[in-house]
Structures are given as structure tokens and as C-alpha cells.
file final.pdb (PDB, C-alpha atoms, pLDDT in the B column)
ATOM      1  CA  MET M  46      40.253   8.224   6.820  1.00 54.00           C
ATOM      2  CA  TRP M  47      40.879   4.523   7.145  1.00 56.00           C
ATOM      3  CA  LYS M  48      37.937   2.118   7.435  1.00 58.00           C
ATOM      4  CA  THR M  49      38.085  -0.723   9.889  1.00 60.00           C
ATOM      5  CA  PRO M  50      36.781  -4.171   8.956  1.00 60.00           C
ATOM      6  CA  ALA M  51      33.950  -3.713  11.468  1.00 60.00           C
ATOM      7  CA  SER M  52      32.690  -0.535   9.784  1.00 76.00           C
ATOM      8  CA  SER M  53      32.865  -2.206   6.350  1.00 80.00           C
ATOM      9  CA  ALA M  54      30.816  -5.132   7.661  1.00 80.00           C
ATOM     10  CA  ALA M  55      28.255  -2.713   9.104  1.00 83.00           C
ATOM     11  CA  ILE M  56      27.957  -0.946   5.741  1.00 87.00           C
ATOM     12  CA  VAL M  57      27.486  -4.249   3.893  1.00 86.00           C
ATOM     13  CA  PHE M  58      24.935  -5.447   6.468  1.00 89.00           C
ATOM     14  CA  SER M  59      23.022  -2.142   6.209  1.00 88.00           C
ATOM     15  CA  ALA M  60      23.033  -2.288   2.406  1.00 89.00           C
ATOM     16  CA  LEU M  61      21.776  -5.878   2.420  1.00 90.00           C
ATOM     17  CA  THR M  62      19.063  -5.047   4.941  1.00 91.00           C
ATOM     18  CA  LEU M  63      17.877  -2.013   2.986  1.00 90.00           C
ATOM     19  CA  GLY M  64      18.007  -3.976  -0.279  1.00 90.00           C
ATOM     20  CA  ALA M  65      15.967  -6.825   1.206  1.00 87.00           C
ATOM     21  CA  ALA M  66      13.402  -4.380   2.628  1.00 85.00           C
ATOM     22  CA  ALA M  67      13.133  -2.559  -0.725  1.00 84.00           C
ATOM     23  CA  GLY M  68      12.797  -5.864  -2.593  1.00 82.00           C
ATOM     24  CA  LEU M  69      10.146  -7.191  -0.231  1.00 76.00           C
ATOM     25  CA  GLY M  70       8.290  -3.869  -0.308  1.00 73.00           C
ATOM     26  CA  GLY M  71       8.436  -3.772  -4.106  1.00 74.00           C
ATOM     27  CA  PHE M  72       7.184  -7.337  -4.368  1.00 72.00           C
ATOM     28  CA  THR M  73       4.377  -6.691  -1.882  1.00 68.00           C
ATOM     29  CA  PHE M  74       3.120  -3.407  -3.255  1.00 71.00           C
ATOM     30  CA  ILE M  75       3.792  -3.857  -6.977  1.00 72.00           C
ATOM     31  CA  TYR M  76       3.625  -7.526  -7.938  1.00 70.00           C
ATOM     32  CA  ALA M  77       1.260  -8.670  -5.161  1.00 67.00           C
ATOM     33  CA  GLU M  78      -0.880  -5.493  -5.368  1.00 70.00           C
ATOM     34  CA  GLY M  79      -0.375  -4.888  -1.631  1.00 69.00           C
ATOM     35  CA  ALA M  80      -1.903  -1.417  -1.602  1.00 72.00           C
ATOM     36  CA  SER M  81      -5.248  -2.857  -2.712  1.00 71.00           C
ATOM     37  CA  TYR M  82      -5.498  -4.725   0.601  1.00 75.00           C
ATOM     38  CA  LEU M  83      -5.639  -1.415   2.464  1.00 77.00           C
ATOM     39  CA  THR M  84      -9.016  -0.676   0.846  1.00 82.00           C
ATOM     40  CA  ASN M  85     -12.499  -2.042   1.453  1.00 84.00           C
ATOM     41  CA  ALA M  86     -12.789  -3.236  -2.150  1.00 86.00           C
ATOM     42  CA  PRO M  87     -13.906  -6.886  -2.308  1.00 86.00           C
ATOM     43  CA  ALA M  88     -12.066  -7.371  -5.594  1.00 84.00           C
ATOM     44  CA  ALA M  89      -8.798  -7.075  -3.641  1.00 84.00           C
ATOM     45  CA  CYS M  90      -9.607 -10.383  -1.965  1.00 81.00           C
ATOM     46  CA  ALA M  91      -9.739 -11.994  -5.403  1.00 80.00           C
ATOM     47  CA  ASN M  92      -6.144 -10.946  -6.216  1.00 78.00           C
ATOM     48  CA  CYS M  93      -5.242 -14.441  -5.101  1.00 73.00           C
ATOM     49  CA  HIS M  94      -6.541 -17.225  -7.336  1.00 71.00           C
ATOM     50  CA  VAL M  95      -7.781 -19.417  -4.469  1.00 75.00           C
ATOM     51  CA  MET M  96     -10.163 -16.639  -3.434  1.00 81.00           C
ATOM     52  CA  ARG M  97     -11.693 -16.147  -6.886  1.00 84.00           C
ATOM     53  CA  GLU M  98     -14.431 -18.717  -6.279  1.00 85.00           C
ATOM     54  CA  HIS M  99     -15.353 -17.077  -2.944  1.00 86.00           C
ATOM     55  CA  TYR M 100     -15.451 -13.644  -4.577  1.00 89.00           C
ATOM     56  CA  ASP M 101     -17.611 -14.877  -7.473  1.00 89.00           C
ATOM     57  CA  ALA M 102     -20.023 -16.487  -5.011  1.00 88.00           C
ATOM     58  CA  TRP M 103     -20.192 -13.273  -2.936  1.00 89.00           C
ATOM     59  CA  VAL M 104     -21.073 -11.311  -6.106  1.00 89.00           C
ATOM     60  CA  LYS M 105     -24.113 -13.613  -6.539  1.00 89.00           C
ATOM     61  CA  SER M 106     -25.097 -13.637  -2.851  1.00 87.00           C
ATOM     62  CA  SER M 107     -27.687 -11.574  -1.002  1.00 85.00           C
ATOM     63  CA  HIS M 108     -24.957 -10.109   1.235  1.00 89.00           C
ATOM     64  CA  ARG M 109     -23.382  -8.336  -1.760  1.00 88.00           C
ATOM     65  CA  SER M 110     -25.785  -5.419  -1.374  1.00 90.00           C
ATOM     66  CA  VAL M 111     -25.140  -4.947   2.359  1.00 91.00           C
ATOM     67  CA  ALA M 112     -21.641  -6.168   3.215  1.00 92.00           C
ATOM     68  CA  VAL M 113     -18.115  -6.335   1.831  1.00 92.00           C
ATOM     69  CA  CYS M 114     -15.474  -8.862   2.863  1.00 90.00           C
ATOM     70  CA  ASN M 115     -14.158  -6.653   5.676  1.00 92.00           C
ATOM     71  CA  ASP M 116     -17.618  -6.344   7.229  1.00 93.00           C
ATOM     72  CA  CYS M 117     -17.655 -10.077   7.911  1.00 92.00           C
ATOM     73  CA  HIS M 118     -13.989 -11.028   8.112  1.00 92.00           C
ATOM     74  CA  THR M 119     -12.435  -8.213  10.180  1.00 94.00           C
ATOM     75  CA  PRO M 120     -13.409  -6.862  13.589  1.00 95.00           C
ATOM     76  CA  PRO M 121     -15.030  -3.426  13.792  1.00 93.00           C
ATOM     77  CA  GLY M 122     -12.829  -0.446  14.596  1.00 94.00           C
ATOM     78  CA  PHE M 123      -9.939   1.093  12.683  1.00 94.00           C
ATOM     79  CA  PHE M 124      -7.037  -0.378  14.650  1.00 95.00           C
ATOM     80  CA  THR M 125      -8.507  -3.844  15.184  1.00 95.00           C
ATOM     81  CA  LYS M 126      -9.524  -4.045  11.520  1.00 94.00           C
ATOM     82  CA  TYR M 127      -6.059  -3.196  10.220  1.00 91.00           C
ATOM     83  CA  ALA M 128      -4.335  -5.361  12.839  1.00 93.00           C
ATOM     84  CA  ALA M 129      -6.429  -8.315  11.618  1.00 93.00           C
ATOM     85  CA  LYS M 130      -5.719  -7.433   7.968  1.00 89.00           C
ATOM     86  CA  ALA M 131      -1.970  -7.253   8.696  1.00 87.00           C
ATOM     87  CA  THR M 132      -1.969 -10.559  10.571  1.00 90.00           C
ATOM     88  CA  ASN M 133      -4.011 -12.287   7.876  1.00 87.00           C
ATOM     89  CA  GLY M 134      -1.893 -10.742   5.130  1.00 83.00           C
ATOM     90  CA  TYR M 135       1.264 -12.072   6.730  1.00 83.00           C
ATOM     91  CA  ASP M 136      -0.285 -15.514   7.308  1.00 86.00           C
ATOM     92  CA  HIS M 137      -1.654 -15.682   3.759  1.00 81.00           C
ATOM     93  CA  SER M 138       1.635 -14.563   2.223  1.00 78.00           C
ATOM     94  CA  LEU M 139       3.581 -17.136   4.200  1.00 83.00           C
ATOM     95  CA  ALA M 140       1.102 -19.879   3.291  1.00 84.00           C
ATOM     96  CA  PHE M 141       1.209 -19.116  -0.428  1.00 79.00           C
ATOM     97  CA  ILE M 142       4.975 -18.640  -0.589  1.00 79.00           C
ATOM     98  CA  THR M 143       5.547 -21.974   1.161  1.00 87.00           C
ATOM     99  CA  GLY M 144       2.607 -23.721  -0.527  1.00 84.00           C
ATOM    100  CA  ASN M 145       1.276 -24.668   2.911  1.00 85.00           C
ATOM    101  CA  PHE M 146      -2.475 -24.115   2.450  1.00 81.00           C
ATOM    102  CA  SER M 147      -5.486 -26.242   1.707  1.00 80.00           C
ATOM    103  CA  ASP M 148      -7.412 -25.932  -1.524  1.00 75.00           C
ATOM    104  CA  PRO M 149     -10.217 -25.080  -1.117  1.00 73.00           C
ATOM    105  CA  ILE M 150      -9.003 -22.606   1.451  1.00 77.00           C
ATOM    106  CA  ARG M 151     -10.331 -23.061   5.006  1.00 81.00           C
ATOM    107  CA  ILE M 152     -11.063 -20.385   7.600  1.00 84.00           C
ATOM    108  CA  LYS M 153      -8.915 -20.365  10.746  1.00 88.00           C
ATOM    109  CA  VAL M 154     -10.568 -20.611  14.175  1.00 91.00           C
ATOM    110  CA  SER M 155      -9.630 -17.016  15.049  1.00 92.00           C
ATOM    111  CA  ASN M 156     -11.151 -15.710  11.807  1.00 91.00           C
ATOM    112  CA  ARG M 157     -14.249 -17.825  12.276  1.00 90.00           C
ATOM    113  CA  THR M 158     -14.671 -16.221  15.716  1.00 92.00           C
ATOM    114  CA  VAL M 159     -14.514 -12.764  14.109  1.00 95.00           C
ATOM    115  CA  ALA M 160     -17.064 -13.760  11.442  1.00 92.00           C
ATOM    116  CA  GLU M 161     -19.389 -15.206  14.111  1.00 91.00           C
ATOM    117  CA  ALA M 162     -19.213 -11.988  16.150  1.00 93.00           C
ATOM    118  CA  ASN M 163     -19.982  -9.936  13.038  1.00 94.00           C
ATOM    119  CA  CYS M 164     -22.992 -12.120  12.168  1.00 92.00           C
ATOM    120  CA  ARG M 165     -24.307 -11.590  15.685  1.00 92.00           C
ATOM    121  CA  ARG M 166     -23.661  -7.832  15.541  1.00 93.00           C
ATOM    122  CA  CYS M 167     -25.478  -7.306  12.219  1.00 92.00           C
ATOM    123  CA  HIS M 168     -28.353  -9.664  13.029  1.00 92.00           C
ATOM    124  CA  GLU M 169     -28.535  -8.815  16.737  1.00 91.00           C
ATOM    125  CA  ALA M 170     -32.328  -8.635  17.033  1.00 87.00           C
ATOM    126  CA  VAL M 171     -32.922 -12.074  15.535  1.00 87.00           C
ATOM    127  CA  VAL M 172     -29.976 -13.706  17.277  1.00 86.00           C
ATOM    128  CA  ASP M 173     -30.979 -12.328  20.688  1.00 81.00           C
ATOM    129  CA  GLN M 174     -34.473 -13.767  20.279  1.00 79.00           C
ATOM    130  CA  MET M 175     -33.108 -17.156  19.286  1.00 79.00           C
ATOM    131  CA  ASP M 176     -30.589 -17.233  22.132  1.00 76.00           C
ATOM    132  CA  THR M 177     -33.128 -16.285  24.822  1.00 73.00           C
ATOM    133  CA  GLN M 178     -35.768 -18.716  23.548  1.00 68.00           C
ATOM    134  CA  SER M 179     -33.448 -21.687  23.312  1.00 61.00           C
ATOM    135  CA  GLY M 180     -32.411 -21.462  26.968  1.00 65.00           C
ATOM    136  CA  THR M 181     -29.152 -23.198  26.148  1.00 70.00           C
ATOM    137  CA  GLU M 182     -25.731 -21.984  25.165  1.00 76.00           C
ATOM    138  CA  PRO M 183     -25.878 -19.980  21.914  1.00 79.00           C
ATOM    139  CA  ILE M 184     -25.517 -22.005  18.735  1.00 81.00           C
ATOM    140  CA  ALA M 185     -22.915 -20.725  16.269  1.00 85.00           C
ATOM    141  CA  CYS M 186     -24.506 -18.937  13.316  1.00 86.00           C
ATOM    142  CA  LEU M 187     -22.010 -20.584  10.984  1.00 80.00           C
ATOM    143  CA  ARG M 188     -23.158 -24.012  12.085  1.00 81.00           C
ATOM    144  CA  CYS M 189     -26.230 -23.694   9.876  1.00 83.00           C
ATOM    145  CA  HIS M 190     -25.192 -20.760   7.694  1.00 85.00           C
ATOM    146  CA  ASN M 191     -21.625 -21.819   6.809  1.00 78.00           C
ATOM    147  CA  ALA M 192     -21.956 -20.761   3.177  1.00 77.00           C
ATOM    148  CA  VAL M 193     -23.533 -17.337   3.771  1.00 81.00           C
ATOM    149  CA  GLY M 194     -21.893 -14.717   1.635  1.00 77.00           C
ATOM    150  CA  HIS M 195     -20.099 -17.285  -0.490  1.00 76.00           C
ATOM    151  CA  MET M 196     -22.908 -19.213  -2.108  1.00 65.00           C
ATOM    152  CA  PRO M 197     -25.544 -17.968  -4.556  1.00 51.00           C
TER     153      PRO M 197
END
call {"tool": "encode", "arguments": {"input": "final.pdb", "output": "C-alpha cells"}}
result
Amino acid sequence: MWKTPASSAAIVFSALTLGAAAGLGGFTFIYAEGASYLTNAPAACANCHVMREHYDAWVKSSHRSVAVCNDCHTPPGFFTKYAAKATNGYDHSLAFITGNFSDPIRIKVSNRTVAEANCRRCHEAVVDQMDTQSGTEPIACLRCHNAVGHMP
């Protein structure tokens, strides 16, 4: 059977696509320890050197005994948690590959919103009292407690 140039190009394109996917998958799950990010283990967050300081501070914090990184930095619920982890993983990978990140690392507005909601969920009784007594729009927890979980 004779091959046409179009079928040869399709085979080459398919081989390149599969090779790129295998290479990216290998890099992600072997070199970058990608599988560890599917867990709740806080040490996974310290795989990246810019997070080491945050991890070390969490180990010394009072939140260490009651919360892991995902409790504060991802929304509750299986699908929303892993959607946030996937989005953040992609964003973090892109930032580190391109070198486009600040050092020290800064939280994005969307992630800060998630952290704020989780503070309010865990500390609901206290926050509700503060919000109803102030009579004004709720004050962000992170306004005063911006180092919670990451400072001894």
C-alpha cells in the first residue's frame, strides 16, 4: 500500500504530539513530583524552593495542628478543590518556567478570596459576632491576620 504525503504528515504530527505529551507528563510527574500535589501533604507545597519559607513557618505556627495548606488555600469540596489545585499548578508552573514571579511569592486576588472564605468558615462564630457588632461592611480577616499560618 502506498502512503500519501498527507498520511505521512499525520503520522509525524501524531508522533510529535504523543512525544510532547509523554515528555511533559514525565517532567511533571517524575522531575517535578507532580503526583505529590494530588495529596493533602503540606510538604508537597515545599517541593518548590520559594515555598520552603512558608512551609517552615507553617510548621511553627498554631494552625499546624488544625489545618494543612489545602484547608486554607483551596475551596471546600472535591471538584472545586482539585479545580483550584489544577489552575494553581498550571499558573505556578508557567510562572517558574518563565521566571515571571515575585520573590517573596505573593498571593493572587482569587486565592486570597478563597483563603478569606476559609478563615470565615473555620472561625464562623467569632467572625459573625464581629461582623454584626461592627454594623459596617465586614473587614477582611487577612487585613489584620495576614501572616496567620505562615509566621511562628
call {"tool": "resolve_selection", "arguments": {"input": "final.pdb", "expression": "the PyMOL selection byres ((chain M and resi 67-82) around 12)", "output": "PDB file with C-alpha atoms, in the coordinates of the input"}}
result
ATOM      1  CA  ALA M  60      23.033  -2.288   2.406  1.00 89.00           C
ATOM      2  CA  LEU M  61      21.776  -5.878   2.420  1.00 90.00           C
ATOM      3  CA  THR M  62      19.063  -5.047   4.941  1.00 91.00           C
ATOM      4  CA  LEU M  63      17.877  -2.013   2.986  1.00 90.00           C
ATOM      5  CA  GLY M  64      18.007  -3.976  -0.279  1.00 90.00           C
ATOM      6  CA  ALA M  65      15.967  -6.825   1.206  1.00 87.00           C
ATOM      7  CA  ALA M  66      13.402  -4.380   2.628  1.00 85.00           C
ATOM      8  CA  LEU M  83      -5.639  -1.415   2.464  1.00 77.00           C
ATOM      9  CA  THR M  84      -9.016  -0.676   0.846  1.00 82.00           C
ATOM     10  CA  ASN M  85     -12.499  -2.042   1.453  1.00 84.00           C
ATOM     11  CA  ALA M  86     -12.789  -3.236  -2.150  1.00 86.00           C
ATOM     12  CA  PRO M  87     -13.906  -6.886  -2.308  1.00 86.00           C
ATOM     13  CA  ALA M  88     -12.066  -7.371  -5.594  1.00 84.00           C
ATOM     14  CA  ALA M  89      -8.798  -7.075  -3.641  1.00 84.00           C
ATOM     15  CA  CYS M  90      -9.607 -10.383  -1.965  1.00 81.00           C
ATOM     16  CA  ALA M  91      -9.739 -11.994  -5.403  1.00 80.00           C
ATOM     17  CA  ASN M  92      -6.144 -10.946  -6.216  1.00 78.00           C
ATOM     18  CA  CYS M  93      -5.242 -14.441  -5.101  1.00 73.00           C
ATOM     19  CA  HIS M  94      -6.541 -17.225  -7.336  1.00 71.00           C
ATOM     20  CA  CYS M 114     -15.474  -8.862   2.863  1.00 90.00           C
ATOM     21  CA  ASN M 115     -14.158  -6.653   5.676  1.00 92.00           C
ATOM     22  CA  LYS M 126      -9.524  -4.045  11.520  1.00 94.00           C
ATOM     23  CA  TYR M 127      -6.059  -3.196  10.220  1.00 91.00           C
ATOM     24  CA  ALA M 129      -6.429  -8.315  11.618  1.00 93.00           C
ATOM     25  CA  LYS M 130      -5.719  -7.433   7.968  1.00 89.00           C
ATOM     26  CA  ALA M 131      -1.970  -7.253   8.696  1.00 87.00           C
ATOM     27  CA  ASN M 133      -4.011 -12.287   7.876  1.00 87.00           C
ATOM     28  CA  GLY M 134      -1.893 -10.742   5.130  1.00 83.00           C
ATOM     29  CA  TYR M 135       1.264 -12.072   6.730  1.00 83.00           C
ATOM     30  CA  HIS M 137      -1.654 -15.682   3.759  1.00 81.00           C
ATOM     31  CA  SER M 138       1.635 -14.563   2.223  1.00 78.00           C
ATOM     32  CA  PHE M 141       1.209 -19.116  -0.428  1.00 79.00           C
ATOM     33  CA  ILE M 142       4.975 -18.640  -0.589  1.00 79.00           C
TER      34      ILE M 142
END
call {"tool": "atom_distance", "arguments": {"input": "final.pdb", "atom1": "atom CA of M:Val95", "atom2": "atom CA of M:Val111"}}
result
23.6 Å
call {"tool": "resolve_selection", "arguments": {"input": "final.pdb", "expression": "the PyMOL selection byres ((chain M and resi 163-180) around 9)", "output": "list of chain:residue names"}}
result
M:Asp116, M:Cys117, M:His118, M:Thr119, M:Pro120, M:Pro121, M:Thr158, M:Val159, M:Ala160, M:Glu161, M:Ala162, M:Thr181, M:Glu182, M:Pro183, M:Ile184, M:Cys186, M:Leu187
call {"tool": "atom_distance", "arguments": {"input": "final.pdb", "atom1": "atom CA of M:Lys153", "atom2": "atom CA of M:Thr132"}}
result
12.0 Å
call {"tool": "atom_distance", "arguments": {"input": "final.pdb", "atom1": "atom CA of M:Gly194", "atom2": "atom CA of M:Ile152"}}
result
13.6 Å
call {"tool": "residues_around", "arguments": {"input": "final.pdb", "residues": "M:Trp103", "least_positions_apart": "4", "cutoff": "7 Å", "atoms": "only C-alpha atoms", "output": "list in words"}}
result
His99, Arg109, Gly194, His195 and Met196 of chain M
call {"tool": "build_atoms", "arguments": {"input": "final.pdb", "residues": "stretch 112-142 of chain M", "atoms": "N, CA and C atoms", "output": "short mmCIF file (atom, residue, chain, number, x, y, z; two decimals), keeping the file's coordinate frame"}}
result
data_model
loop_
_atom_site.label_atom_id
_atom_site.label_comp_id
_atom_site.auth_asym_id
_atom_site.auth_seq_id
_atom_site.Cartn_x
_atom_site.Cartn_y
_atom_site.Cartn_z
N ALA M 112 -22.91 -5.92 2.52
CA ALA M 112 -21.64 -6.17 3.22
C ALA M 112 -20.52 -6.47 2.23
N VAL M 113 -19.34 -5.99 2.57
CA VAL M 113 -18.11 -6.34 1.83
C VAL M 113 -17.31 -7.29 2.71
N CYS M 114 -16.28 -7.85 2.16
CA CYS M 114 -15.47 -8.86 2.86
C CYS M 114 -15.07 -8.41 4.26
N ASN M 115 -14.61 -7.15 4.38
CA ASN M 115 -14.16 -6.65 5.68
C ASN M 115 -15.27 -6.59 6.71
N ASP M 116 -16.51 -6.40 6.28
CA ASP M 116 -17.62 -6.34 7.23
C ASP M 116 -17.79 -7.66 7.97
N CYS M 117 -17.50 -8.75 7.31
CA CYS M 117 -17.66 -10.08 7.91
C CYS M 117 -16.35 -10.63 8.46
N HIS M 118 -15.24 -10.34 7.80
CA HIS M 118 -13.99 -11.03 8.11
C HIS M 118 -12.98 -10.22 8.91
N THR M 119 -13.31 -8.97 9.29
CA THR M 119 -12.44 -8.21 10.18
C THR M 119 -13.27 -7.63 11.31
N PRO M 120 -12.66 -7.45 12.48
CA PRO M 120 -13.41 -6.86 13.59
C PRO M 120 -13.70 -5.38 13.33
N PRO M 121 -14.74 -4.85 13.97
CA PRO M 121 -15.03 -3.43 13.79
C PRO M 121 -13.96 -2.58 14.48
N GLY M 122 -13.81 -1.35 14.02
CA GLY M 122 -12.83 -0.45 14.60
C GLY M 122 -11.59 -0.36 13.73
N PHE M 123 -11.06 0.84 13.58
CA PHE M 123 -9.94 1.09 12.68
C PHE M 123 -8.72 0.24 13.03
N PHE M 124 -8.28 0.32 14.28
CA PHE M 124 -7.04 -0.38 14.65
C PHE M 124 -7.19 -1.89 14.65
N THR M 125 -8.32 -2.39 15.17
CA THR M 125 -8.51 -3.84 15.18
C THR M 125 -8.68 -4.40 13.78
N LYS M 126 -9.34 -3.62 12.92
CA LYS M 126 -9.52 -4.04 11.52
C LYS M 126 -8.17 -4.19 10.83
N TYR M 127 -7.34 -3.15 10.93
CA TYR M 127 -6.06 -3.20 10.22
C TYR M 127 -5.05 -4.13 10.88
N ALA M 128 -5.18 -4.35 12.18
CA ALA M 128 -4.34 -5.36 12.84
C ALA M 128 -4.69 -6.75 12.31
N ALA M 129 -5.99 -7.02 12.17
CA ALA M 129 -6.43 -8.32 11.62
C ALA M 129 -6.00 -8.46 10.16
N LYS M 130 -6.13 -7.38 9.37
CA LYS M 130 -5.72 -7.43 7.97
C LYS M 130 -4.22 -7.69 7.86
N ALA M 131 -3.42 -7.06 8.73
CA ALA M 131 -1.97 -7.25 8.70
C ALA M 131 -1.61 -8.68 9.08
N THR M 132 -2.24 -9.19 10.13
CA THR M 132 -1.97 -10.56 10.57
C THR M 132 -2.36 -11.55 9.49
N ASN M 133 -3.56 -11.38 8.93
CA ASN M 133 -4.01 -12.29 7.88
C ASN M 133 -3.15 -12.15 6.63
N GLY M 134 -2.75 -10.94 6.29
CA GLY M 134 -1.89 -10.74 5.13
C GLY M 134 -0.57 -11.47 5.28
N TYR M 135 0.01 -11.36 6.47
CA TYR M 135 1.26 -12.07 6.73
C TYR M 135 1.05 -13.58 6.64
N ASP M 136 0.00 -14.07 7.32
CA ASP M 136 -0.28 -15.51 7.31
C ASP M 136 -0.54 -16.03 5.90
N HIS M 137 -1.33 -15.27 5.12
CA HIS M 137 -1.65 -15.68 3.76
C HIS M 137 -0.40 -15.68 2.88
N SER M 138 0.40 -14.64 3.01
CA SER M 138 1.64 -14.56 2.22
C SER M 138 2.55 -15.74 2.53
N LEU M 139 2.72 -16.02 3.80
CA LEU M 139 3.58 -17.14 4.20
C LEU M 139 3.03 -18.46 3.66
N ALA M 140 1.72 -18.64 3.77
CA ALA M 140 1.10 -19.88 3.29
C ALA M 140 1.30 -20.06 1.79
N PHE M 141 1.11 -19.00 1.02
CA PHE M 141 1.21 -19.12 -0.43
C PHE M 141 2.65 -19.21 -0.90
N ILE M 142 3.56 -18.54 -0.21
CA ILE M 142 4.97 -18.64 -0.59
C ILE M 142 5.49 -20.04 -0.32
#
